[in-house]
>>> print(open('data06.txt').read())   # compact mmCIF, C-alpha atoms
# COMPACT_ATOMS: atom_id res chain seq x y z
CA MET A 1 117.67 81.91 111.73
CA GLU A 2 119.00 85.41 112.32
CA ILE A 3 118.18 88.20 109.86
CA ALA A 4 120.07 91.47 110.25
CA PHE A 5 118.83 94.74 108.79
CA LEU A 6 121.35 97.58 108.47
CA PHE A 7 119.76 100.85 109.56
CA TYR A 8 121.57 104.14 108.86
CA GLU A 9 120.95 107.89 108.79
CA GLY A 10 119.14 108.89 105.62
CA MET A 11 117.96 105.43 104.57
CA THR A 12 114.66 105.07 102.70
CA ALA A 13 112.12 103.63 105.14
CA LEU A 14 110.22 101.43 102.67
CA ASP A 15 113.46 99.87 101.37
CA ALA A 16 113.82 98.32 104.81
CA ILE A 17 110.20 97.88 105.90
CA GLY A 18 109.03 96.12 102.72
CA PRO A 19 111.33 93.11 103.21
CA HIS A 20 111.13 93.47 107.00
CA GLU A 21 107.37 92.88 106.93
CA VAL A 22 107.85 89.70 104.88
CA LEU A 23 110.94 88.26 106.54
CA CYS A 24 109.82 88.86 110.12
CA ARG A 25 106.97 86.42 109.43
CA LEU A 26 109.29 83.58 108.38
CA PRO A 27 109.02 80.70 110.86
CA GLY A 28 111.80 80.55 113.46
CA THR A 29 113.30 83.90 112.61
CA LYS A 30 115.03 86.39 114.88
CA ILE A 31 115.20 89.90 113.38
CA LYS A 32 118.04 92.21 114.42
CA ARG A 33 117.98 95.87 113.42
CA VAL A 34 121.56 97.06 113.51
CA ALA A 35 123.10 100.53 113.23
CA LYS A 36 126.48 102.11 113.93
CA GLN A 37 124.89 103.46 117.09
CA LYS A 38 121.82 101.81 118.56
CA GLY A 39 118.70 103.93 119.09
CA PRO A 40 116.34 105.82 116.80
CA VAL A 41 117.70 106.18 113.25
CA HIS A 42 116.60 109.13 111.11
CA SER A 43 115.34 108.02 107.70
CA GLU A 44 115.00 110.21 104.63
CA SER A 45 111.27 109.45 104.54
CA ALA A 46 109.91 112.70 106.01
CA GLY A 47 112.36 112.24 108.87
CA LEU A 48 110.68 109.12 110.25
CA TYR A 49 112.73 107.52 113.04
CA LEU A 50 113.05 103.72 113.14
CA THR A 51 114.82 102.17 116.08
CA ALA A 52 117.87 99.90 115.86
CA GLU A 53 118.26 97.76 118.98
CA TYR A 54 121.77 96.57 118.10
CA ASP A 55 125.06 98.18 117.12
CA PHE A 56 127.96 96.78 115.07
CA PHE A 57 129.67 95.48 118.19
CA ASP A 58 126.60 93.47 119.22
CA VAL A 59 126.10 91.60 115.95
CA LYS A 60 128.86 89.45 114.51
CA HIS A 61 126.85 86.95 112.49
CA ALA A 62 123.69 86.77 110.40
CA ASP A 63 122.09 84.15 108.21
CA VAL A 64 120.57 86.91 106.09
CA LEU A 65 121.80 90.49 105.77
CA VAL A 66 119.54 93.17 104.27
CA ILE A 67 120.96 96.53 103.17
CA PRO A 68 118.33 99.15 102.33
CA GLY A 69 119.06 102.05 99.99
CA ALA A 70 118.97 105.82 100.37
CA GLY A 71 119.39 108.98 98.37
CA ASN A 72 122.70 109.33 100.20
CA ALA A 73 123.68 105.64 99.99
CA THR A 74 127.03 106.42 98.37
CA SER A 75 128.02 108.49 101.41
CA LEU A 76 128.51 105.20 103.26
CA GLN A 77 131.64 104.65 101.18
CA ASN A 78 133.13 107.16 103.64
CA SER A 79 132.10 105.07 106.64
CA PRO A 80 134.81 102.42 107.01
CA GLU A 81 133.16 101.00 110.17
CA THR A 82 129.97 100.34 108.22
CA LEU A 83 131.73 98.76 105.24
CA SER A 84 133.91 96.66 107.51
CA TRP A 85 130.85 95.43 109.46
CA ILE A 86 129.08 94.52 106.20
CA GLN A 87 132.16 92.56 105.04
CA LYS A 88 132.38 90.68 108.36
CA ILE A 89 128.69 89.81 108.39
CA HIS A 90 128.76 88.83 104.72
CA ALA A 91 131.44 86.25 105.55
CA THR A 92 128.89 84.54 107.83
CA THR A 93 125.68 84.80 105.76
CA ARG A 94 123.71 82.36 103.69
CA TRP A 95 122.26 85.36 101.85
CA THR A 96 123.50 88.92 101.52
CA THR A 97 120.85 91.19 100.05
CA SER A 98 120.17 94.78 99.12
CA VAL A 99 117.24 96.94 98.05
CA CYS A 100 117.48 99.92 95.69
CA THR A 101 120.78 101.83 96.09
CA GLY A 102 121.75 99.41 98.86
CA SER A 103 123.60 97.58 96.07
CA LEU A 104 125.95 100.58 95.78
CA ILE A 105 126.79 100.02 99.45
CA LEU A 106 127.50 96.33 98.79
CA GLY A 107 129.67 97.56 95.90
CA ALA A 108 131.56 100.00 98.10
CA ALA A 109 132.16 97.14 100.54
CA GLY A 110 133.85 95.24 97.70
CA LEU A 111 131.25 92.49 97.53
CA LEU A 112 130.08 92.92 93.95
CA LYS A 113 133.24 92.27 91.92
CA ASN A 114 132.12 90.29 88.86
CA VAL A 115 128.72 89.83 90.47
CA ARG A 116 125.48 90.28 88.54
CA ALA A 117 123.37 92.82 90.42
CA THR A 118 120.64 95.41 90.14
CA SER A 119 119.76 98.75 91.71
CA HIS A 120 117.26 101.60 91.37
CA TRP A 121 116.80 102.33 87.65
CA ALA A 122 118.34 105.78 88.04
CA THR A 123 121.54 104.45 89.64
CA ILE A 124 122.08 101.05 88.03
CA ASP A 125 124.68 102.57 85.68
CA ARG A 126 126.90 103.20 88.71
CA LEU A 127 127.28 99.50 89.52
CA PRO A 128 130.20 98.87 87.09
CA HIS A 129 132.21 101.40 89.12
CA TRP A 130 132.35 98.69 91.79
CA GLY A 131 133.05 95.88 89.31
CA ALA A 132 129.46 94.62 89.25
CA LYS A 133 127.62 93.49 86.14
CA PRO A 134 124.35 95.44 86.00
CA VAL A 135 121.20 93.48 85.23
CA HIS A 136 117.92 95.26 84.55
CA ALA A 137 115.60 93.02 86.53
CA ARG A 138 113.32 93.26 89.54
CA VAL A 139 115.36 90.78 91.60
CA VAL A 140 118.82 89.43 90.69
CA GLU A 141 120.50 86.41 92.30
CA ASP A 142 124.20 85.63 91.88
CA GLY A 143 125.53 83.06 94.28
CA LYS A 144 124.47 84.15 97.74
CA ILE A 145 123.99 87.78 96.76
CA MET A 146 120.44 88.88 95.98
CA THR A 147 119.78 92.47 94.91
CA ALA A 148 116.48 94.24 94.23
CA ALA A 149 115.53 97.19 92.04
CA GLY A 150 114.17 100.44 93.51
CA VAL A 151 112.37 100.84 96.86
CA SER A 152 109.19 98.74 96.39
CA ALA A 153 111.18 95.88 94.81
CA GLY A 154 112.30 94.82 98.26
CA ILE A 155 108.91 93.14 98.75
CA ASP A 156 109.39 91.00 95.63
CA MET A 157 112.91 90.20 96.76
CA ALA A 158 111.86 89.15 100.24
CA LEU A 159 109.19 86.81 98.90
CA THR A 160 111.75 85.31 96.51
CA LEU A 161 114.11 84.86 99.44
CA ALA A 162 111.34 83.29 101.54
CA ASP A 163 110.86 80.78 98.74
CA ARG A 164 114.59 79.98 98.60
CA ILE A 165 114.84 79.58 102.37
CA CYS A 166 111.53 77.90 103.30
CA GLY A 167 109.99 76.80 100.00
CA PRO A 168 106.92 77.91 98.04
CA GLN A 169 104.28 77.00 100.62
CA VAL A 170 105.72 79.37 103.22
CA ALA A 171 106.45 82.08 100.64
CA GLN A 172 102.92 81.88 99.27
CA THR A 173 101.47 81.99 102.78
CA LEU A 174 103.44 85.16 103.49
CA GLN A 175 102.34 86.70 100.20
CA LEU A 176 98.68 85.98 100.92
CA GLY A 177 99.13 87.17 104.52
CA ILE A 178 100.22 90.63 103.37
CA GLU A 179 97.64 90.43 100.55
CA TYR A 180 100.32 91.17 97.99
CA ASP A 181 98.15 91.21 94.89
CA PRO A 182 99.36 94.55 93.53
CA HIS A 183 97.10 96.76 91.44
CA PRO A 184 99.06 99.95 90.78
CA PRO A 185 96.76 102.69 89.49
CA PHE A 186 99.10 103.21 86.50
CA ASP A 187 101.47 100.95 84.58
CA VAL A 188 104.41 103.34 84.78
CA GLY A 189 106.63 101.83 87.46
CA SER A 190 109.74 101.39 85.32
CA PRO A 191 111.43 103.83 82.93
CA ASP A 192 110.57 101.83 79.81
CA LYS A 193 106.86 102.18 80.64
CA ALA A 194 106.69 105.74 81.99
CA ASN A 195 106.19 109.01 80.17
CA PRO A 196 109.67 110.00 78.84
CA ALA A 197 109.30 113.54 80.21
CA ILE A 198 108.67 112.14 83.70
CA VAL A 199 111.64 109.78 83.36
CA ALA A 200 113.90 112.65 82.29
CA ALA A 201 112.75 114.94 85.09
CA LEU A 202 113.21 112.25 87.72
CA ARG A 203 116.60 111.24 86.33
CA ALA A 204 117.74 114.87 86.56
CA HIS A 205 116.44 115.04 90.14
CA PHE A 206 118.28 111.88 91.20
CA SER A 207 121.49 113.04 89.48
CA LYS A 208 121.42 116.16 91.62
CA VAL A 209 120.86 114.11 94.77
CA PHE A 210 123.92 112.00 93.92
CA GLU A 211 126.07 114.98 92.95
CA ARG A 212 125.50 116.41 96.41
CA MET A 213 127.10 113.29 97.91
CA MET E 1 98.91 120.07 103.12
CA GLU E 2 99.08 118.15 106.38
CA ILE E 3 98.95 114.37 106.40
CA ALA E 4 98.50 112.65 109.76
CA PHE E 5 99.40 109.01 110.34
CA LEU E 6 97.95 107.33 113.43
CA PHE E 7 100.61 105.20 115.11
CA TYR E 8 99.59 102.77 117.86
CA GLU E 9 100.93 99.83 119.83
CA GLY E 10 100.74 96.64 117.78
CA MET E 11 100.21 98.24 114.37
CA THR E 12 101.59 96.54 111.27
CA ALA E 13 104.64 98.53 110.13
CA LEU E 14 104.15 98.14 106.36
CA ASP E 15 100.49 99.25 106.59
CA ALA E 16 101.84 102.66 107.62
CA ILE E 17 105.18 102.79 105.79
CA GLY E 18 103.83 101.83 102.35
CA PRO E 19 101.58 104.90 102.06
CA HIS E 20 104.03 106.98 104.12
CA GLU E 21 106.77 106.46 101.53
CA VAL E 22 104.44 107.62 98.75
CA LEU E 23 102.66 110.49 100.50
CA CYS E 24 105.77 112.03 102.08
CA ARG E 25 106.97 112.71 98.51
CA LEU E 26 103.87 114.70 97.55
CA PRO E 27 104.83 118.33 96.87
CA GLY E 28 104.15 120.74 99.73
CA THR E 29 103.31 118.10 102.28
CA LYS E 30 103.88 118.08 106.02
CA ILE E 31 103.73 114.61 107.55
CA LYS E 32 102.69 114.25 111.19
CA ARG E 33 103.04 110.90 112.93
CA VAL E 34 100.60 110.92 115.82
CA ALA E 35 100.09 108.56 118.75
CA LYS E 36 98.25 108.61 122.07
CA GLN E 37 101.63 109.24 123.62
CA LYS E 38 104.48 110.64 121.55
CA GLY E 39 107.72 108.67 121.34
CA PRO E 40 108.68 105.25 119.96
CA VAL E 41 105.64 103.08 119.17
CA HIS E 42 105.97 99.31 119.28
CA SER E 43 104.69 97.67 116.07
CA GLU E 44 103.69 94.03 115.69
CA SER E 45 106.36 93.64 112.99
CA ALA E 46 109.06 91.84 114.98
CA GLY E 47 108.71 94.55 117.60
CA LEU E 48 110.05 97.34 115.38
CA TYR E 49 109.70 100.77 117.01
CA LEU E 50 108.58 103.71 114.85
CA THR E 51 108.55 107.14 116.43
CA ALA E 52 105.51 109.41 116.66
CA GLU E 53 106.51 113.04 117.15
CA TYR E 54 103.00 114.21 118.00
CA ASP E 55 100.25 113.21 120.42
CA PHE E 56 96.48 113.65 120.17
CA PHE E 57 96.63 116.99 121.97
CA ASP E 58 99.15 118.38 119.44
CA VAL E 59 97.18 117.58 116.29
CA LYS E 60 93.66 118.95 115.80
CA HIS E 61 93.45 119.03 112.02
CA ALA E 62 94.66 117.10 108.98
CA ASP E 63 93.97 117.26 105.28
CA VAL E 64 94.59 113.53 105.04
CA LEU E 65 94.33 110.97 107.84
CA VAL E 66 95.86 107.50 107.42
CA ILE E 67 94.91 104.67 109.81
CA PRO E 68 97.11 101.58 109.48
CA GLY E 69 95.90 98.15 110.51
CA ALA E 70 97.08 95.58 113.03
CA GLY E 71 96.37 92.08 114.24
CA ASN E 72 94.92 93.78 117.32
CA ALA E 73 93.14 96.60 115.47
CA THR E 74 89.81 95.82 117.08
CA SER E 75 91.29 96.43 120.53
CA LEU E 76 91.21 100.15 119.69
CA GLN E 77 87.43 99.99 120.10
CA ASN E 78 88.32 100.04 123.80
CA SER E 79 90.36 103.22 123.45
CA PRO E 80 87.84 106.07 123.55
CA GLU E 81 90.61 108.71 123.33
CA THR E 82 91.79 107.21 120.05
CA LEU E 83 88.32 106.93 118.54
CA SER E 84 87.43 110.43 119.66
CA TRP E 85 90.65 111.83 118.12
CA ILE E 86 89.89 110.02 114.84
CA GLN E 87 86.36 111.49 114.81
CA LYS E 88 87.66 115.01 115.47
CA ILE E 89 90.34 114.79 112.77
CA HIS E 90 87.91 113.21 110.31
CA ALA E 91 85.68 116.28 110.67
CA THR E 92 88.57 118.38 109.28
CA THR E 93 89.93 116.11 106.52
CA ARG E 94 89.66 116.13 102.77
CA TRP E 95 90.44 112.40 102.86
CA THR E 96 90.15 109.87 105.65
CA THR E 97 91.90 106.63 104.77
CA SER E 98 92.75 103.23 106.15
CA VAL E 99 94.92 100.25 105.26
CA CYS E 100 94.09 96.62 106.07
CA THR E 101 92.23 96.26 109.39
CA GLY E 102 92.50 100.02 109.83
CA SER E 103 88.99 100.07 108.34
CA LEU E 104 87.73 98.24 111.44
CA ILE E 105 89.07 101.16 113.48
CA LEU E 106 87.24 103.63 111.24
CA GLY E 107 84.19 101.45 111.78
CA ALA E 108 84.57 101.47 115.55
CA ALA E 109 84.85 105.26 115.36
CA GLY E 110 81.43 105.28 113.69
CA LEU E 111 82.68 106.59 110.35
CA LEU E 112 81.59 103.74 108.09
CA LYS E 113 77.82 103.71 108.49
CA ASN E 114 76.42 103.00 105.01
CA VAL E 115 79.90 103.52 103.58
CA ARG E 116 81.38 101.18 100.98
CA ALA E 117 84.73 99.99 102.31
CA THR E 118 87.31 97.22 102.19
CA SER E 119 89.72 95.54 104.59
CA HIS E 120 92.15 92.63 104.76
CA TRP E 121 90.52 89.63 103.01
CA ALA E 122 90.38 87.69 106.30
CA THR E 123 88.52 90.47 108.15
CA ILE E 124 86.34 92.10 105.49
CA ASP E 125 83.31 90.12 106.76
CA ARG E 126 83.50 92.09 110.01
CA LEU E 127 82.79 95.42 108.31
CA PRO E 128 78.95 95.07 108.40
CA HIS E 129 79.18 94.95 112.20
CA TRP E 130 79.98 98.68 111.91
CA GLY E 131 77.32 99.36 109.28
CA ALA E 132 79.76 99.39 106.38
CA LYS E 133 79.10 97.82 103.00
CA PRO E 134 82.03 95.50 102.26
CA VAL E 135 83.56 95.71 98.79
CA HIS E 136 86.13 93.17 97.64
CA ALA E 137 88.54 95.51 95.90
CA ARG E 138 92.12 96.68 96.28
CA VAL E 139 91.13 100.30 96.97
CA VAL E 140 87.61 101.56 97.67
CA GLU E 141 86.51 105.21 97.58
CA ASP E 142 83.20 106.41 99.01
CA GLY E 143 82.94 110.15 99.41
CA LYS E 144 86.05 111.25 101.26
CA ILE E 145 86.72 107.82 102.78
CA MET E 146 89.29 105.67 101.00
CA THR E 147 90.04 102.19 102.32
CA ALA E 148 92.63 99.68 101.15
CA ALA E 149 92.81 95.89 101.32
CA GLY E 150 95.51 94.07 103.33
CA VAL E 151 98.96 95.45 104.24
CA SER E 152 100.65 95.94 100.84
CA ALA E 153 97.48 97.54 99.38
CA GLY E 154 98.39 100.77 101.15
CA ILE E 155 100.89 101.49 98.37
CA ASP E 156 98.18 101.23 95.70
CA MET E 157 95.89 103.38 97.83
CA ALA E 158 98.49 106.09 98.36
CA LEU E 159 99.22 106.33 94.63
CA THR E 160 95.48 106.56 93.95
CA LEU E 161 95.25 109.30 96.56
CA ALA E 162 98.25 111.11 95.04
CA ASP E 163 96.38 111.10 91.74
CA ARG E 164 93.20 112.49 93.33
CA ILE E 165 95.11 115.22 95.18
CA CYS E 166 97.80 116.25 92.68
CA GLY E 167 96.82 114.62 89.37
CA PRO E 168 98.32 111.83 87.27
CA GLN E 169 101.67 113.48 86.49
CA VAL E 170 102.63 113.72 90.17
CA ALA E 171 101.23 110.26 90.97
CA GLN E 172 103.12 108.70 88.07
CA THR E 173 106.31 110.48 89.10
CA LEU E 174 105.97 109.05 92.61
CA GLN E 175 105.27 105.57 91.24
CA LEU E 176 108.36 105.68 89.04
CA GLY E 177 110.38 107.17 91.89
CA ILE E 178 109.70 104.16 94.11
CA GLU E 179 110.01 101.91 91.02
CA TYR E 180 106.62 100.39 91.74
CA ASP E 181 106.52 97.89 88.90
CA PRO E 182 105.60 94.87 91.00
CA HIS E 183 106.66 91.37 90.01
CA PRO E 184 105.53 89.08 92.80
CA PRO E 185 107.22 85.67 92.53
CA PHE E 186 103.79 83.98 92.68
CA ASP E 187 100.29 85.01 91.64
CA VAL E 188 98.71 84.08 94.97
CA GLY E 189 98.19 87.43 96.68
CA SER E 190 94.42 87.15 97.11
CA PRO E 191 92.29 84.27 98.42
CA ASP E 192 90.66 83.58 95.03
CA LYS E 193 94.11 82.94 93.52
CA ALA E 194 95.89 81.12 96.36
CA ASN E 195 95.99 77.42 97.19
CA PRO E 196 92.75 76.70 99.15
CA ALA E 197 94.70 74.84 101.86
CA ILE E 198 96.88 77.92 102.42
CA VAL E 199 93.81 80.19 102.49
CA ALA E 200 92.12 77.93 105.06
CA ALA E 201 95.20 77.73 107.29
CA LEU E 202 95.73 81.48 107.21
CA ARG E 203 92.04 82.17 107.82
CA ALA E 204 92.17 79.92 110.90
CA HIS E 205 95.31 81.73 112.09
CA PHE E 206 93.73 85.18 111.71
CA SER E 207 90.52 84.03 113.43
CA LYS E 208 92.58 83.03 116.46
CA VAL E 209 94.35 86.39 116.46
CA PHE E 210 90.98 88.17 116.46
CA GLU E 211 89.47 85.86 119.09
CA ARG E 212 92.27 86.82 121.46
CA MET E 213 91.15 90.47 121.22
>>> encode(input="data06.txt", output="structure tokens")
Amino acid sequence: MEIAFLFYEGMTALDAIGPHEVLCRLPGTKIKRVAKQKGPVHSESAGLYLTAEYDFFDVKHADVLVIPGAGNATSLQNSPETLSWIQKIHATTRWTTSVCTGSLILGAAGLLKNVRATSHWATIDRLPHWGAKPVHARVVEDGKIMTAAGVSAGIDMALTLADRICGPQVAQTLQLGIEYDPHPPFDVGSPDKANPAIVAALRAHFSKVFERM
Amino acid sequence: MEIAFLFYEGMTALDAIGPHEVLCRLPGTKIKRVAKQKGPVHSESAGLYLTAEYDFFDVKHADVLVIPGAGNATSLQNSPETLSWIQKIHATTRWTTSVCTGSLILGAAGLLKNVRATSHWATIDRLPHWGAKPVHARVVEDGKIMTAAGVSAGIDMALTLADRICGPQVAQTLQLGIEYDPHPPFDVGSPDKANPAIVAALRAHFSKVFERM
């Protein structure tokens, strides 16, 4: 089974590496990290470079496609090569997936019309712009499209996907392997649980990030 | 504040990138990714390359040091340059931290004598070899040494560290920013919760990995 990860300038590293750590341990899997140009790709996470070994020309098929998010995810709507590659790969997948604002990229590629989907809590309201039906959930499945909420939700999504592809025994083995027994120090990981002042400040911050796009 | 991440051949990508995604968002932080040789570093996670911009000669101080784990973590006990660099940096830190089997590297560097510490569930029994006192917990603090359990526990550790360094408002903002409101599909992320047959199979697998070292 071939699993393609889209890498692009400005992506959030954990959006990709969370599901990557889970899915690369699936039995019989070949992972392909794919970017417009192969080589080191500059993430938004303190400028960390992650290497893509493949470019769009190299990869014409994938069983699973994973699109990570970014503060600048919507800028990809101005990259017709990227959107066209996503559309072509999507036509070949068993599963097309996104993490965080990666769903806005799926939307820009025209893949979310009348599809139930999620995104980072601060950007989920933008999904209807692409014809999607926003769902406030950690992981949302609609047909072969699976979308995850913000950043860390990619781990939950990948384990869900592992279950769909290989069944619960493999998924549970992967979960135990990465000791995914989360104990966050606070219970404030979603806007309905967090301090309203923190939610408001963060929402204002993200709005500015998106306005700059 | 300077935060140094040790990168090395064979490391587990998520061990580093989980805390990296949290800590790179701390206000006023400079992240330095450091390896024996600067350049792309080959992880054990499907061969993903992550780039280190600094080598041991470049970095002589850090406020926070983060040591990720690896299937081959114990092989670093045969890398005196690495252990010596860890010892030198540790002498300058406010916090010295590890994720997963990274604690075995701290142990090999002689930093865990009589220190309470944790590790991946399958390797925690090896901590006494280095004089450490094993504690079965997600995150363990003893003085300025903070250790995390397996792979995904680095996210919990980094949020705990964010709280210690900058207080709960910043830590909670970071947690909400990465929407860390985990919903694992199963409740099997630690050996006391998982199917005993899965625990036994995985323990046998990890024992083989360590025997090869």
>>> closest_residue(input="data06.txt", among="A:Thr93, A:Gln77, A:Gln37, A:Ser190", to="A:Gly143", atoms="all atoms listed in the file")
A:Thr93
>>> residues_around(input="data06.txt", residues="E:Gly71", least_positions_apart="4", cutoff="12 Å", atoms="all atoms listed in the file", output="PyMOL selection string")
(chain A and resi 177-178) or (chain E and resi 8-13+15+43-45+75-76+100-102+104-105+120+122-123+150-151+205-213)
>>> residues_around(input="data06.txt", residues="E:Met1", least_positions_apart="2", cutoff="10 Å", atoms="all atoms listed in the file", output="PyMOL selection string")
chain E and resi 3-4+26-31+62-64
>>> closest_residue(input="data06.txt", among="E:Ser119, E:Ser79, E:Ser98, E:Thr51", to="chain A", atoms="only C-alpha atoms")
E:Thr51
>>> interface_residues(input="data06.txt", of="chain E", to="chain A", cutoff="8 Å", atoms="only C-alpha atoms", output="PDB file with C-alpha atoms, in the frame of the given file")
ATOM      1  CA  ALA E  13     104.640  98.530 110.130  1.00  0.00           C
ATOM      2  CA  LEU E  14     104.150  98.140 106.360  1.00  0.00           C
ATOM      3  CA  ILE E  17     105.180 102.790 105.790  1.00  0.00           C
ATOM      4  CA  GLY E  18     103.830 101.830 102.350  1.00  0.00           C
ATOM      5  CA  HIS E  20     104.030 106.980 104.120  1.00  0.00           C
ATOM      6  CA  GLU E  21     106.770 106.460 101.530  1.00  0.00           C
ATOM      7  CA  CYS E  24     105.770 112.030 102.080  1.00  0.00           C
ATOM      8  CA  ILE E  31     103.730 114.610 107.550  1.00  0.00           C
ATOM      9  CA  PRO E  40     108.680 105.250 119.960  1.00  0.00           C
ATOM     10  CA  SER E  45     106.360  93.640 112.990  1.00  0.00           C
ATOM     11  CA  ALA E  46     109.060  91.840 114.980  1.00  0.00           C
ATOM     12  CA  LEU E  48     110.050  97.340 115.380  1.00  0.00           C
ATOM     13  CA  TYR E  49     109.700 100.770 117.010  1.00  0.00           C
ATOM     14  CA  LEU E  50     108.580 103.710 114.850  1.00  0.00           C
ATOM     15  CA  THR E  51     108.550 107.140 116.430  1.00  0.00           C
ATOM     16  CA  HIS E 120      92.150  92.630 104.760  1.00  0.00           C
ATOM     17  CA  TRP E 121      90.520  89.630 103.010  1.00  0.00           C
ATOM     18  CA  ARG E 138      92.120  96.680  96.280  1.00  0.00           C
ATOM     19  CA  ALA E 149      92.810  95.890 101.320  1.00  0.00           C
ATOM     20  CA  GLY E 150      95.510  94.070 103.330  1.00  0.00           C
ATOM     21  CA  VAL E 151      98.960  95.450 104.240  1.00  0.00           C
ATOM     22  CA  SER E 152     100.650  95.940 100.840  1.00  0.00           C
ATOM     23  CA  ALA E 153      97.480  97.540  99.380  1.00  0.00           C
ATOM     24  CA  ILE E 155     100.890 101.490  98.370  1.00  0.00           C
ATOM     25  CA  ASP E 156      98.180 101.230  95.700  1.00  0.00           C
ATOM     26  CA  LEU E 159      99.220 106.330  94.630  1.00  0.00           C
ATOM     27  CA  THR E 160      95.480 106.560  93.950  1.00  0.00           C
ATOM     28  CA  GLN E 169     101.670 113.480  86.490  1.00  0.00           C
ATOM     29  CA  GLN E 172     103.120 108.700  88.070  1.00  0.00           C
ATOM     30  CA  THR E 173     106.310 110.480  89.100  1.00  0.00           C
ATOM     31  CA  GLN E 175     105.270 105.570  91.240  1.00  0.00           C
ATOM     32  CA  LEU E 176     108.360 105.680  89.040  1.00  0.00           C
ATOM     33  CA  GLY E 177     110.380 107.170  91.890  1.00  0.00           C
ATOM     34  CA  ILE E 178     109.700 104.160  94.110  1.00  0.00           C
ATOM     35  CA  GLU E 179     110.010 101.910  91.020  1.00  0.00           C
ATOM     36  CA  TYR E 180     106.620 100.390  91.740  1.00  0.00           C
ATOM     37  CA  ASP E 181     106.520  97.890  88.900  1.00  0.00           C
ATOM     38  CA  PRO E 182     105.600  94.870  91.000  1.00  0.00           C
ATOM     39  CA  HIS E 183     106.660  91.370  90.010  1.00  0.00           C
ATOM     40  CA  PRO E 184     105.530  89.080  92.800  1.00  0.00           C
ATOM     41  CA  PRO E 185     107.220  85.670  92.530  1.00  0.00           C
ATOM     42  CA  PHE E 186     103.790  83.980  92.680  1.00  0.00           C
ATOM     43  CA  ASP E 187     100.290  85.010  91.640  1.00  0.00           C
ATOM     44  CA  VAL E 188      98.710  84.080  94.970  1.00  0.00           C
ATOM     45  CA  GLY E 189      98.190  87.430  96.680  1.00  0.00           C
ATOM     46  CA  SER E 190      94.420  87.150  97.110  1.00  0.00           C
ATOM     47  CA  PRO E 191      92.290  84.270  98.420  1.00  0.00           C
ATOM     48  CA  ALA E 194      95.890  81.120  96.360  1.00  0.00           C
ATOM     49  CA  ILE E 198      96.880  77.920 102.420  1.00  0.00           C
ATOM     50  CA  VAL E 199      93.810  80.190 102.490  1.00  0.00           C
ATOM     51  CA  LEU E 202      95.730  81.480 107.210  1.00  0.00           C
TER      52      LEU E 202
END
>>> residues_around(input="data06.txt", residues="E:Lys88", least_positions_apart="4", cutoff="10 Å", atoms="only C-alpha atoms", output="compact mmCIF listing (two decimals) with C-alpha atoms, in the coordinates of the input")
# COMPACT_ATOMS: atom_id res chain seq x y z
CA VAL E 59 97.18 117.58 116.29
CA LYS E 60 93.66 118.95 115.80
CA HIS E 61 93.45 119.03 112.02
CA ALA E 62 94.66 117.10 108.98
CA THR E 82 91.79 107.21 120.05
CA LEU E 83 88.32 106.93 118.54
CA SER E 84 87.43 110.43 119.66
CA THR E 92 88.57 118.38 109.28
CA THR E 93 89.93 116.11 106.52
>>> atom_distance(input="data06.txt", atom1="atom CA of A:Pro68", atom2="atom CA of A:Gln87")
15.6 Å
